[in-house]
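> Here you go, final-v6.cif (mmCIF, C-alpha atoms):
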data_run
loop_
_atom_site.group_PDB
_atom_site.id
_atom_site.type_symbol
_atom_site.label_atom_id
_atom_site.label_comp_id
_atom_site.auth_asym_id
_atom_site.auth_seq_id
_atom_site.Cartn_x
_atom_site.Cartn_y
_atom_site.Cartn_z
ATOM 1 C CA SER T 1 27.390 -18.497 17.126
ATOM 2 C CA ILE T 2 24.402 -20.456 18.396
ATOM 3 C CA LEU T 3 26.803 -22.836 20.148
ATOM 4 C CA ALA T 4 28.234 -19.919 22.139
ATOM 5 C CA ARG T 5 24.711 -18.978 23.206
ATOM 6 C CA ILE T 6 24.056 -22.515 24.403
ATOM 7 C CA ASP T 7 27.314 -22.463 26.353
ATOM 8 C CA GLU T 8 26.119 -19.326 28.132
ATOM 9 C CA LEU T 9 22.948 -21.110 29.171
ATOM 10 C CA ARG T 10 24.939 -24.158 30.306
ATOM 11 C CA ALA T 11 27.092 -22.159 32.708
ATOM 12 C CA PRO T 12 26.809 -23.308 36.341
ATOM 13 C CA ASP T 13 24.915 -20.146 37.225
ATOM 14 C CA GLY T 14 23.039 -20.060 33.910
ATOM 15 C CA PRO T 15 19.309 -19.334 33.838
ATOM 16 C CA PHE T 16 18.229 -22.548 32.096
ATOM 17 C CA PRO T 17 17.444 -25.477 34.435
ATOM 18 C CA LEU T 18 17.181 -28.405 32.002
ATOM 19 C CA ARG T 19 20.871 -29.185 31.599
ATOM 20 C CA SER T 20 20.256 -32.498 29.819
ATOM 21 C CA GLU T 21 18.478 -30.658 26.999
ATOM 22 C CA LEU T 22 21.311 -28.149 26.809
ATOM 23 C CA ASP T 23 23.923 -30.886 26.655
ATOM 24 C CA LYS T 24 22.101 -32.577 23.787
ATOM 25 C CA ALA T 25 21.592 -29.284 21.959
ATOM 26 C CA ALA T 26 25.275 -28.431 22.313
ATOM 27 C CA VAL T 27 26.239 -31.717 20.663
ATOM 28 C CA GLU T 28 23.753 -31.137 17.814
ATOM 29 C CA ALA T 29 24.991 -27.582 17.282
ATOM 30 C CA SER T 30 28.583 -28.768 17.229
ATOM 31 C CA GLU T 31 27.777 -31.478 14.676
ATOM 32 C CA ALA T 32 26.022 -28.851 12.556
ATOM 33 C CA GLY T 33 29.234 -26.860 12.295
ATOM 34 C CA GLY T 34 29.306 -24.953 15.532
ATOM 35 C CA GLY T 35 25.847 -23.518 15.103
ATOM 36 C CA GLU T 36 26.970 -20.814 12.716
ATOM 37 C CA ILE T 37 24.228 -19.500 10.454
ATOM 38 C CA MET T 38 24.798 -20.577 6.875
ATOM 39 C CA PRO T 39 24.221 -17.922 4.193
ATOM 40 C CA SER T 40 21.498 -18.318 1.621
ATOM 41 C CA SER T 41 22.539 -19.292 -1.877
ATOM 42 C CA ALA T 42 21.840 -15.841 -3.268
ATOM 43 C CA SER T 43 24.287 -14.218 -0.858
ATOM 44 C CA ASP T 44 26.825 -16.934 -1.750
ATOM 45 C CA PHE T 45 26.995 -15.575 -5.307
ATOM 46 C CA PRO T 46 29.920 -13.260 -6.041
ATOM 47 C CA ALA T 47 28.577 -9.714 -6.161
ATOM 48 C CA GLY T 48 29.603 -9.304 -9.780
ATOM 49 C CA LEU T 49 27.794 -12.465 -10.840
ATOM 50 C CA GLN T 50 24.682 -11.397 -8.966
ATOM 51 C CA ARG T 51 24.701 -8.016 -10.719
ATOM 52 C CA TYR T 52 25.254 -9.744 -14.068
ATOM 53 C CA ALA T 53 22.256 -12.055 -13.553
ATOM 54 C CA LEU T 54 19.972 -9.231 -12.426
ATOM 55 C CA GLY T 55 21.147 -7.033 -15.277
ATOM 56 C CA ARG T 56 20.120 -9.677 -17.799
ATOM 57 C CA SER T 57 16.636 -10.173 -16.349
ATOM 58 C CA LEU T 58 15.334 -7.031 -14.654
ATOM 59 C CA ARG T 59 14.166 -4.200 -16.881
ATOM 60 C CA SER T 60 13.955 -0.703 -15.390
ATOM 61 C CA SER T 61 10.897 0.261 -17.396
ATOM 62 C CA CYS T 62 9.204 1.913 -14.426
ATOM 63 C CA PRO T 63 11.032 4.726 -12.611
ATOM 64 C CA GLU T 64 8.652 4.403 -9.662
ATOM 65 C CA GLU T 65 9.727 0.796 -9.045
ATOM 66 C CA THR T 66 13.404 1.722 -9.268
ATOM 67 C CA ASP T 67 13.001 4.786 -7.053
ATOM 68 C CA LEU T 68 10.957 2.932 -4.423
ATOM 69 C CA GLN T 69 13.535 0.149 -4.321
ATOM 70 C CA SER T 70 16.340 2.672 -3.886
ATOM 71 C CA GLU T 71 14.556 4.605 -1.148
ATOM 72 C CA ALA T 72 13.528 1.472 0.746
ATOM 73 C CA GLU T 73 17.080 0.131 0.681
ATOM 74 C CA ASN T 74 18.195 3.146 2.710
ATOM 75 C CA LEU T 75 15.443 2.940 5.317
ATOM 76 C CA PRO T 76 15.404 0.884 8.539
ATOM 77 C CA ARG T 77 14.758 -2.862 8.241
ATOM 78 C CA ALA T 78 15.703 -2.879 4.565
ATOM 79 C CA VAL T 79 16.492 -6.587 4.891
ATOM 80 C CA MET T 80 12.735 -7.222 5.110
ATOM 81 C CA MET T 81 12.128 -5.781 1.653
ATOM 82 C CA GLY T 82 11.046 -8.103 -1.143
ATOM 83 C CA ALA T 83 13.759 -9.079 -3.615
ATOM 84 C CA PRO T 84 13.261 -7.676 -7.151
ATOM 85 C CA ASP T 85 14.269 -10.929 -8.871
ATOM 86 C CA GLU T 86 11.677 -12.804 -6.827
ATOM 87 C CA ALA T 87 8.972 -10.260 -7.732
ATOM 88 C CA ASN T 88 10.007 -10.575 -11.376
ATOM 89 C CA LEU T 89 9.512 -14.352 -11.275
ATOM 90 C CA LEU T 90 6.116 -14.052 -9.595
ATOM 91 C CA CYS T 91 4.961 -11.499 -12.164
ATOM 92 C CA LEU T 92 5.922 -13.932 -14.925
ATOM 93 C CA LEU T 93 3.724 -16.562 -13.253
ATOM 94 C CA LEU T 94 0.856 -14.065 -12.934
ATOM 95 C CA GLU T 95 1.070 -13.340 -16.650
ATOM 96 C CA LEU T 96 1.084 -17.023 -17.554
ATOM 97 C CA MET T 97 -2.014 -17.486 -15.379
ATOM 98 C CA ASP T 98 -3.770 -14.370 -16.705
ATOM 99 C CA ALA T 99 -4.349 -13.638 -13.021
ATOM 100 C CA ARG T 100 -7.081 -11.371 -11.757
ATOM 101 C CA THR T 101 -6.785 -11.481 -7.981
ATOM 102 C CA VAL T 102 -3.578 -11.554 -5.947
ATOM 103 C CA VAL T 103 -3.359 -11.631 -2.146
ATOM 104 C CA GLU T 104 -0.163 -10.403 -0.511
ATOM 105 C CA VAL T 105 0.158 -11.253 3.178
ATOM 106 C CA GLY T 106 2.742 -8.776 4.432
ATOM 107 C CA VAL T 107 3.203 -5.566 2.421
ATOM 108 C CA PHE T 108 5.982 -3.769 4.335
ATOM 109 C CA ARG T 109 7.313 -0.972 2.043
ATOM 110 C CA GLY T 110 5.135 -2.081 -0.867
ATOM 111 C CA THR T 111 7.830 -2.855 -3.431
ATOM 112 C CA THR T 112 6.384 -6.242 -4.393
ATOM 113 C CA THR T 113 2.866 -4.786 -4.216
ATOM 114 C CA LEU T 114 3.828 -2.210 -6.828
ATOM 115 C CA ALA T 115 5.327 -4.895 -9.073
ATOM 116 C CA PHE T 116 2.156 -7.001 -8.827
ATOM 117 C CA ALA T 117 -0.135 -4.055 -9.573
ATOM 118 C CA ARG T 118 1.894 -2.968 -12.599
ATOM 119 C CA CYS T 119 1.848 -6.535 -13.853
ATOM 120 C CA LEU T 120 -1.953 -6.711 -13.633
ATOM 121 C CA ARG T 121 -2.327 -3.359 -15.374
ATOM 122 C CA GLY T 122 0.035 -4.478 -18.110
ATOM 123 C CA MET T 123 -2.115 -7.532 -18.822
ATOM 124 C CA MET T 124 -5.141 -5.292 -19.269
ATOM 125 C CA GLU T 125 -3.262 -2.963 -21.569
ATOM 126 C CA ARG T 126 -2.117 -5.900 -23.681
ATOM 127 C CA GLY T 127 -5.688 -7.038 -24.174
ATOM 128 C CA GLY T 128 -6.569 -9.300 -21.264
ATOM 129 C CA LYS T 129 -9.948 -10.985 -21.242
ATOM 130 C CA ASP T 130 -11.549 -8.549 -18.793
ATOM 131 C CA GLY T 131 -11.097 -4.902 -17.920
ATOM 132 C CA VAL T 132 -8.646 -3.531 -15.420
ATOM 133 C CA GLU T 133 -11.422 -3.040 -12.871
ATOM 134 C CA LYS T 134 -11.634 -6.818 -12.498
ATOM 135 C CA ARG T 135 -7.975 -7.182 -11.499
ATOM 136 C CA ARG T 136 -6.551 -6.256 -8.108
ATOM 137 C CA VAL T 137 -3.912 -6.834 -5.456
ATOM 138 C CA ILE T 138 -5.237 -7.235 -1.926
ATOM 139 C CA GLY T 139 -2.411 -6.285 0.418
ATOM 140 C CA LEU T 140 -2.599 -7.185 4.095
ATOM 141 C CA ASP T 141 -0.405 -5.715 6.808
ATOM 142 C CA VAL T 142 -0.640 -5.227 10.556
ATOM 143 C CA SER T 143 0.411 -1.578 10.234
ATOM 144 C CA GLU T 144 0.271 1.265 7.765
ATOM 145 C CA GLU T 145 3.517 2.741 9.089
ATOM 146 C CA PHE T 146 5.910 1.146 6.608
ATOM 147 C CA ALA T 147 3.562 1.130 3.611
ATOM 148 C CA VAL T 148 3.296 4.928 3.658
ATOM 149 C CA VAL T 149 6.503 5.044 1.621
ATOM 150 C CA GLY T 150 5.191 2.674 -1.016
ATOM 151 C CA LYS T 151 1.829 4.397 -1.282
ATOM 152 C CA ARG T 152 3.460 7.488 -2.788
ATOM 153 C CA TYR T 153 4.965 5.392 -5.546
ATOM 154 C CA TRP T 154 1.747 3.413 -6.107
ATOM 155 C CA GLU T 155 0.023 6.732 -6.736
ATOM 156 C CA ASN T 156 2.799 8.115 -8.946
ATOM 157 C CA ALA T 157 2.818 4.904 -11.014
ATOM 158 C CA GLY T 158 -0.929 5.169 -11.557
ATOM 159 C CA VAL T 159 -1.809 1.811 -9.996
ATOM 160 C CA SER T 160 -3.116 2.747 -6.540
ATOM 161 C CA HIS T 161 -6.682 2.010 -7.719
ATOM 162 C CA LEU T 162 -5.622 -1.606 -8.295
ATOM 163 C CA ILE T 163 -4.325 -2.044 -4.730
ATOM 164 C CA ASP T 164 -6.781 -2.855 -1.952
ATOM 165 C CA PHE T 165 -4.616 -2.220 1.114
ATOM 166 C CA ARG T 166 -6.075 -3.542 4.375
ATOM 167 C CA VAL T 167 -4.617 -2.850 7.810
ATOM 168 C CA GLY T 168 -5.118 -5.345 10.641
ATOM 169 C CA ASP T 169 -4.226 -8.800 11.863
ATOM 170 C CA ALA T 170 -3.799 -10.806 8.649
ATOM 171 C CA LYS T 171 -5.261 -13.929 10.269
ATOM 172 C CA GLU T 172 -8.505 -12.034 10.894
ATOM 173 C CA SER T 173 -8.412 -10.364 7.469
ATOM 174 C CA LEU T 174 -8.029 -13.699 5.693
ATOM 175 C CA THR T 175 -10.859 -15.202 7.723
ATOM 176 C CA ALA T 176 -13.134 -12.313 6.756
ATOM 177 C CA MET T 177 -12.179 -12.690 3.085
ATOM 178 C CA LEU T 178 -13.393 -16.293 3.098
ATOM 179 C CA SER T 179 -16.966 -15.041 3.467
ATOM 180 C CA GLU T 180 -16.588 -11.716 1.628
ATOM 181 C CA GLU T 181 -18.754 -11.071 -1.414
ATOM 182 C CA GLY T 182 -16.622 -11.214 -4.531
ATOM 183 C CA LEU T 183 -13.981 -13.303 -2.820
ATOM 184 C CA GLY T 184 -14.599 -16.402 -0.714
ATOM 185 C CA GLU T 185 -13.168 -19.856 -1.180
ATOM 186 C CA ASN T 186 -11.562 -20.768 -4.509
ATOM 187 C CA SER T 187 -11.422 -17.162 -5.743
ATOM 188 C CA VAL T 188 -7.777 -16.055 -5.693
ATOM 189 C CA ASP T 189 -5.169 -16.747 -8.368
ATOM 190 C CA LEU T 190 -2.054 -16.334 -6.241
ATOM 191 C CA CYS T 191 -1.395 -15.862 -2.530
ATOM 192 C CA PHE T 192 2.016 -14.562 -1.487
ATOM 193 C CA ILE T 193 2.869 -15.130 2.194
ATOM 194 C CA ASP T 194 5.606 -12.896 3.596
ATOM 195 C CA ALA T 195 4.620 -11.786 7.106
ATOM 196 C CA ASP T 196 5.325 -12.868 10.692
ATOM 197 C CA LYS T 197 6.771 -16.344 10.570
ATOM 198 C CA GLU T 198 5.096 -17.766 13.664
ATOM 199 C CA SER T 199 1.732 -17.339 11.909
ATOM 200 C CA TYR T 200 2.848 -18.984 8.669
ATOM 201 C CA ASP T 201 0.798 -22.146 9.142
ATOM 202 C CA ASP T 202 -2.375 -20.163 9.829
ATOM 203 C CA TYR T 203 -1.786 -18.020 6.743
ATOM 204 C CA TYR T 204 -1.130 -21.083 4.613
ATOM 205 C CA GLU T 205 -4.320 -22.857 5.654
ATOM 206 C CA LYS T 206 -6.493 -19.813 5.014
ATOM 207 C CA CYS T 207 -4.760 -19.015 1.729
ATOM 208 C CA LEU T 208 -5.236 -22.610 0.622
ATOM 209 C CA ARG T 209 -8.988 -22.163 1.045
ATOM 210 C CA LEU T 210 -8.985 -18.797 -0.752
ATOM 211 C CA THR T 211 -6.916 -20.000 -3.705
ATOM 212 C CA LYS T 212 -8.770 -21.423 -6.696
ATOM 213 C CA PRO T 213 -7.886 -24.901 -8.023
ATOM 214 C CA GLY T 214 -4.832 -24.477 -10.200
ATOM 215 C CA GLY T 215 -3.841 -21.318 -8.355
ATOM 216 C CA LEU T 216 -0.520 -20.772 -6.629
ATOM 217 C CA ILE T 217 0.514 -20.328 -3.004
ATOM 218 C CA VAL T 218 3.942 -18.762 -2.539
ATOM 219 C CA VAL T 219 5.768 -18.760 0.801
ATOM 220 C CA ASP T 220 8.726 -16.423 1.240
ATOM 221 C CA ASN T 221 11.843 -16.626 3.473
ATOM 222 C CA THR T 222 11.980 -20.417 3.495
ATOM 223 C CA ILE T 223 15.789 -20.379 3.847
ATOM 224 C CA TRP T 224 15.638 -17.718 6.562
ATOM 225 C CA SER T 225 19.286 -16.699 6.148
ATOM 226 C CA GLY T 226 20.284 -20.338 6.563
ATOM 227 C CA ARG T 227 18.779 -20.733 10.044
ATOM 228 C CA VAL T 228 16.680 -23.658 8.777
ATOM 229 C CA MET T 229 19.896 -25.698 8.843
ATOM 230 C CA LEU T 230 20.023 -25.543 12.631
ATOM 231 C CA PRO T 231 18.913 -28.800 14.313
ATOM 232 C CA ASP T 232 15.443 -28.728 15.858
ATOM 233 C CA GLY T 233 16.894 -29.697 19.237
ATOM 234 C CA VAL T 234 18.970 -26.525 19.281
ATOM 235 C CA LEU T 235 16.004 -24.396 18.273
ATOM 236 C CA HIS T 236 13.746 -25.927 20.918
ATOM 237 C CA VAL T 237 16.277 -25.106 23.614
ATOM 238 C CA LEU T 238 16.648 -21.532 22.445
ATOM 239 C CA GLU T 239 12.904 -20.921 22.191
ATOM 240 C CA LYS T 240 12.531 -21.973 25.844
ATOM 241 C CA ALA T 241 15.390 -19.814 27.103
ATOM 242 C CA PRO T 242 14.319 -17.354 29.828
ATOM 243 C CA ILE T 243 13.289 -14.153 28.098
ATOM 244 C CA GLU T 244 13.718 -10.740 29.628
ATOM 245 C CA GLU T 245 12.743 -7.588 27.756
ATOM 246 C CA GLY T 246 15.942 -6.481 26.080
ATOM 247 C CA GLY T 247 17.792 -9.448 27.581
ATOM 248 C CA PRO T 248 20.557 -11.376 25.801
ATOM 249 C CA PHE T 249 18.323 -14.259 24.732
ATOM 250 C CA GLN T 250 15.211 -12.382 23.629
ATOM 251 C CA GLU T 251 16.201 -12.177 19.955
ATOM 252 C CA ASP T 252 17.538 -15.767 19.974
ATOM 253 C CA ALA T 253 14.209 -17.060 21.293
ATOM 254 C CA ARG T 254 12.228 -15.075 18.726
ATOM 255 C CA GLN T 255 14.397 -16.264 15.854
ATOM 256 C CA ALA T 256 14.155 -19.851 17.101
ATOM 257 C CA ARG T 257 10.360 -19.728 17.126
ATOM 258 C CA SER T 258 10.284 -18.214 13.644
ATOM 259 C CA THR T 259 12.733 -20.786 12.305
ATOM 260 C CA LEU T 260 10.761 -23.694 13.728
ATOM 261 C CA ALA T 261 7.565 -22.314 12.176
ATOM 262 C CA ILE T 262 9.217 -22.021 8.764
ATOM 263 C CA LYS T 263 10.723 -25.509 8.934
ATOM 264 C CA THR T 264 7.434 -27.037 10.081
ATOM 265 C CA LEU T 265 5.456 -25.444 7.253
ATOM 266 C CA ALA T 266 8.048 -26.356 4.609
ATOM 267 C CA LYS T 267 7.839 -30.001 5.653
ATOM 268 C CA LYS T 268 4.038 -29.832 5.722
ATOM 269 C CA ILE T 269 3.839 -28.386 2.206
ATOM 270 C CA SER T 270 6.276 -30.952 0.850
ATOM 271 C CA GLU T 271 3.916 -33.709 2.051
ATOM 272 C CA ASP T 272 0.559 -31.944 1.523
ATOM 273 C CA ARG T 273 -1.655 -33.888 -0.896
ATOM 274 C CA ARG T 274 -3.901 -30.845 -1.359
ATOM 275 C CA VAL T 275 -1.198 -29.239 -3.510
ATOM 276 C CA GLN T 276 1.055 -30.394 -6.300
ATOM 277 C CA ARG T 277 4.189 -29.340 -8.164
ATOM 278 C CA VAL T 278 5.963 -28.078 -5.048
ATOM 279 C CA CYS T 279 9.062 -26.048 -5.914
ATOM 280 C CA PHE T 280 11.575 -24.874 -3.300
ATOM 281 C CA LEU T 281 13.705 -22.221 -4.981
ATOM 282 C CA THR T 282 16.876 -20.771 -3.495
ATOM 283 C CA ILE T 283 16.521 -17.272 -4.934
ATOM 284 C CA ALA T 284 16.328 -14.321 -2.535
ATOM 285 C CA ASP T 285 15.942 -15.801 0.982
ATOM 286 C CA GLY T 286 14.246 -18.953 -0.282
ATOM 287 C CA VAL T 287 10.764 -19.238 -1.745
ATOM 288 C CA MET T 288 8.391 -22.183 -1.867
ATOM 289 C CA ILE T 289 5.755 -22.347 -4.627
ATOM 290 C CA CYS T 290 2.959 -24.893 -4.829
ATOM 291 C CA ARG T 291 -0.120 -25.349 -6.998
ATOM 292 C CA LYS T 292 -3.485 -26.109 -5.458
ATOM 293 C CA LEU T 293 -5.213 -29.213 -6.730
#
If you convert what's in this file into structure tokens, what do you get?

Amino acid sequence: SILARIDELRAPDGPFPLRSELDKAAVEASEAGGGEIMPSSASDFPAGLQRYALGRSLRSSCPEETDLQSEAENLPRAVMMGAPDEANLLCLLLELMDARTVVEVGVFRGTTTLAFARCLRGMMERGGKDGVEKRRVIGLDVSEEFAVVGKRYWENAGVSHLIDFRVGDAKESLTAMLSEEGLGENSVDLCFIDADKESYDDYYEKCLRLTKPGGLIVVDNTIWSGRVMLPDGVLHVLEKAPIEEGGPFQEDARQARSTLAIKTLAKKISEDRRVQRVCFLTIADGVMICRKL
């Protein structure tokens, strides 16, 4: 538990000097239930009920999507993969918007990317206003390493030409897109943010500029496996814990920083007068959707 971690830091020979902060954090963690991480609502569902719900909504019409999902689930860091029910909801929104341009910040294995691209192609095939060449998914990721898996399935599904995959720091990529011909401010229908959490605010601000009025900004992992329930005082202590490479508090400090970034952005969006119709949904690991004014 987080409380146990704080107790380690509070030990007489512990590495953290600000004992008053630790004492306060220990009380807050105790009041929050011992600092145990609370599960997200999706994982609270009985497995049978979860399968029932997915079975009544997801349609396996594309073997490439099913096969990519299955392969990715058996690869390292599978927990980072986009949830299929979340992708299904976002594709419904894209269809209602007759979307042309989607930006995905954080591609990873490319499961959600494939769902988006197939959705855009489907709109063209059903007689959208413009041709398929005018619709695209712009996927941003810091590395091509994980997306290599998805690229095979993008190609096999016949949608790779709809995916503009860009490797690099997403903050720099988004900045460049703001002045790019054919993009720029107020040009994107939907931005989906699902990358490193400490950069969430930067992504949000740039995506807000890119998104057209009436467009959607979607922020993933807003429950963060329940860590958002931890008091800020506890998180601030953990983020300042002495960090040694591979040391006992390195992962705690990283998770604390990520959690604080997620909580800060969620509060900001809930109060942001530049957007409206803010929805915080508890599917997957939490997703926040807002509409730009």
> Looking at only C-alpha atoms, which of T:Glu181, T:Glu86, T:Asp196, T:Glu65 is the one that sits closest to Lys151 of chain T?
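Closest candidate: T:Glu65.
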> Specify as a list in words each residue included when the PyMOL selection byres ((chain T and resi 168) around 10) is applied to this file.
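That expression, the PyMOL selection byres ((chain T and resi 168) around 10), corresponds here to Leu140, Asp141, Val142, Ser143, Glu144, Arg166, Val167, Asp169, Ala170, Lys171, Glu172 and Ser173 of chain T.
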> Quick one: everything within 12 Å of segment 121-125 of chain T, counting all atoms listed in the file, minus sequence neighbours fewer than 6 positions away in the same chain. Send it as a PDB file with C-alpha atoms, keeping the file's coordinate frame.

ATOM      1  CA  SER T  61      10.897   0.261 -17.396  1.00  0.00           C
ATOM      2  CA  CYS T  62       9.204   1.913 -14.426  1.00  0.00           C
ATOM      3  CA  CYS T  91       4.961 -11.499 -12.164  1.00  0.00           C
ATOM      4  CA  LEU T  92       5.922 -13.932 -14.925  1.00  0.00           C
ATOM      5  CA  LEU T  94       0.856 -14.065 -12.934  1.00  0.00           C
ATOM      6  CA  GLU T  95       1.070 -13.340 -16.650  1.00  0.00           C
ATOM      7  CA  LEU T  96       1.084 -17.023 -17.554  1.00  0.00           C
ATOM      8  CA  MET T  97      -2.014 -17.486 -15.379  1.00  0.00           C
ATOM      9  CA  ASP T  98      -3.770 -14.370 -16.705  1.00  0.00           C
ATOM     10  CA  ALA T  99      -4.349 -13.638 -13.021  1.00  0.00           C
ATOM     11  CA  ARG T 100      -7.081 -11.371 -11.757  1.00  0.00           C
ATOM     12  CA  THR T 101      -6.785 -11.481  -7.981  1.00  0.00           C
ATOM     13  CA  LEU T 114       3.828  -2.210  -6.828  1.00  0.00           C
ATOM     14  CA  ALA T 115       5.327  -4.895  -9.073  1.00  0.00           C
ATOM     15  CA  GLY T 131     -11.097  -4.902 -17.920  1.00  0.00           C
ATOM     16  CA  VAL T 132      -8.646  -3.531 -15.420  1.00  0.00           C
ATOM     17  CA  GLU T 133     -11.422  -3.040 -12.871  1.00  0.00           C
ATOM     18  CA  LYS T 134     -11.634  -6.818 -12.498  1.00  0.00           C
ATOM     19  CA  ARG T 135      -7.975  -7.182 -11.499  1.00  0.00           C
ATOM     20  CA  ARG T 136      -6.551  -6.256  -8.108  1.00  0.00           C
ATOM     21  CA  VAL T 137      -3.912  -6.834  -5.456  1.00  0.00           C
ATOM     22  CA  ALA T 157       2.818   4.904 -11.014  1.00  0.00           C
ATOM     23  CA  GLY T 158      -0.929   5.169 -11.557  1.00  0.00           C
ATOM     24  CA  VAL T 159      -1.809   1.811  -9.996  1.00  0.00           C
ATOM     25  CA  SER T 160      -3.116   2.747  -6.540  1.00  0.00           C
ATOM     26  CA  HIS T 161      -6.682   2.010  -7.719  1.00  0.00           C
ATOM     27  CA  LEU T 162      -5.622  -1.606  -8.295  1.00  0.00           C
ATOM     28  CA  ILE T 163      -4.325  -2.044  -4.730  1.00  0.00           C
TER      29      ILE T 163
END
> Between T:Thr113, T:Thr259, T:Ser187, T:Ser199, which has the minimum distance to Arg227 of chain T (counting only C-alpha atoms)?
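Closest to Arg227 of chain T of all the choices is T:Thr259.
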> Taking only C-alpha atoms into account, which of T:Leu235, T:Asp252, T:Pro213, T:Val103 comes nearest Cys191 of chain T?
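Nearest to Cys191 of chain T: T:Val103.
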> Tell me which protein, DNA and RNA residues are within 12 Å of Tyr204 of chain T, counting all atoms listed in the file, leaving out same-chain ones fewer than 2 positions away, and put them as a ChimeraX atom specification.
/T:103-105,170-171,174-175,190-195,197-202,206-211,216-220,261-262,264-266,268-269,272,274-275,288-290,292
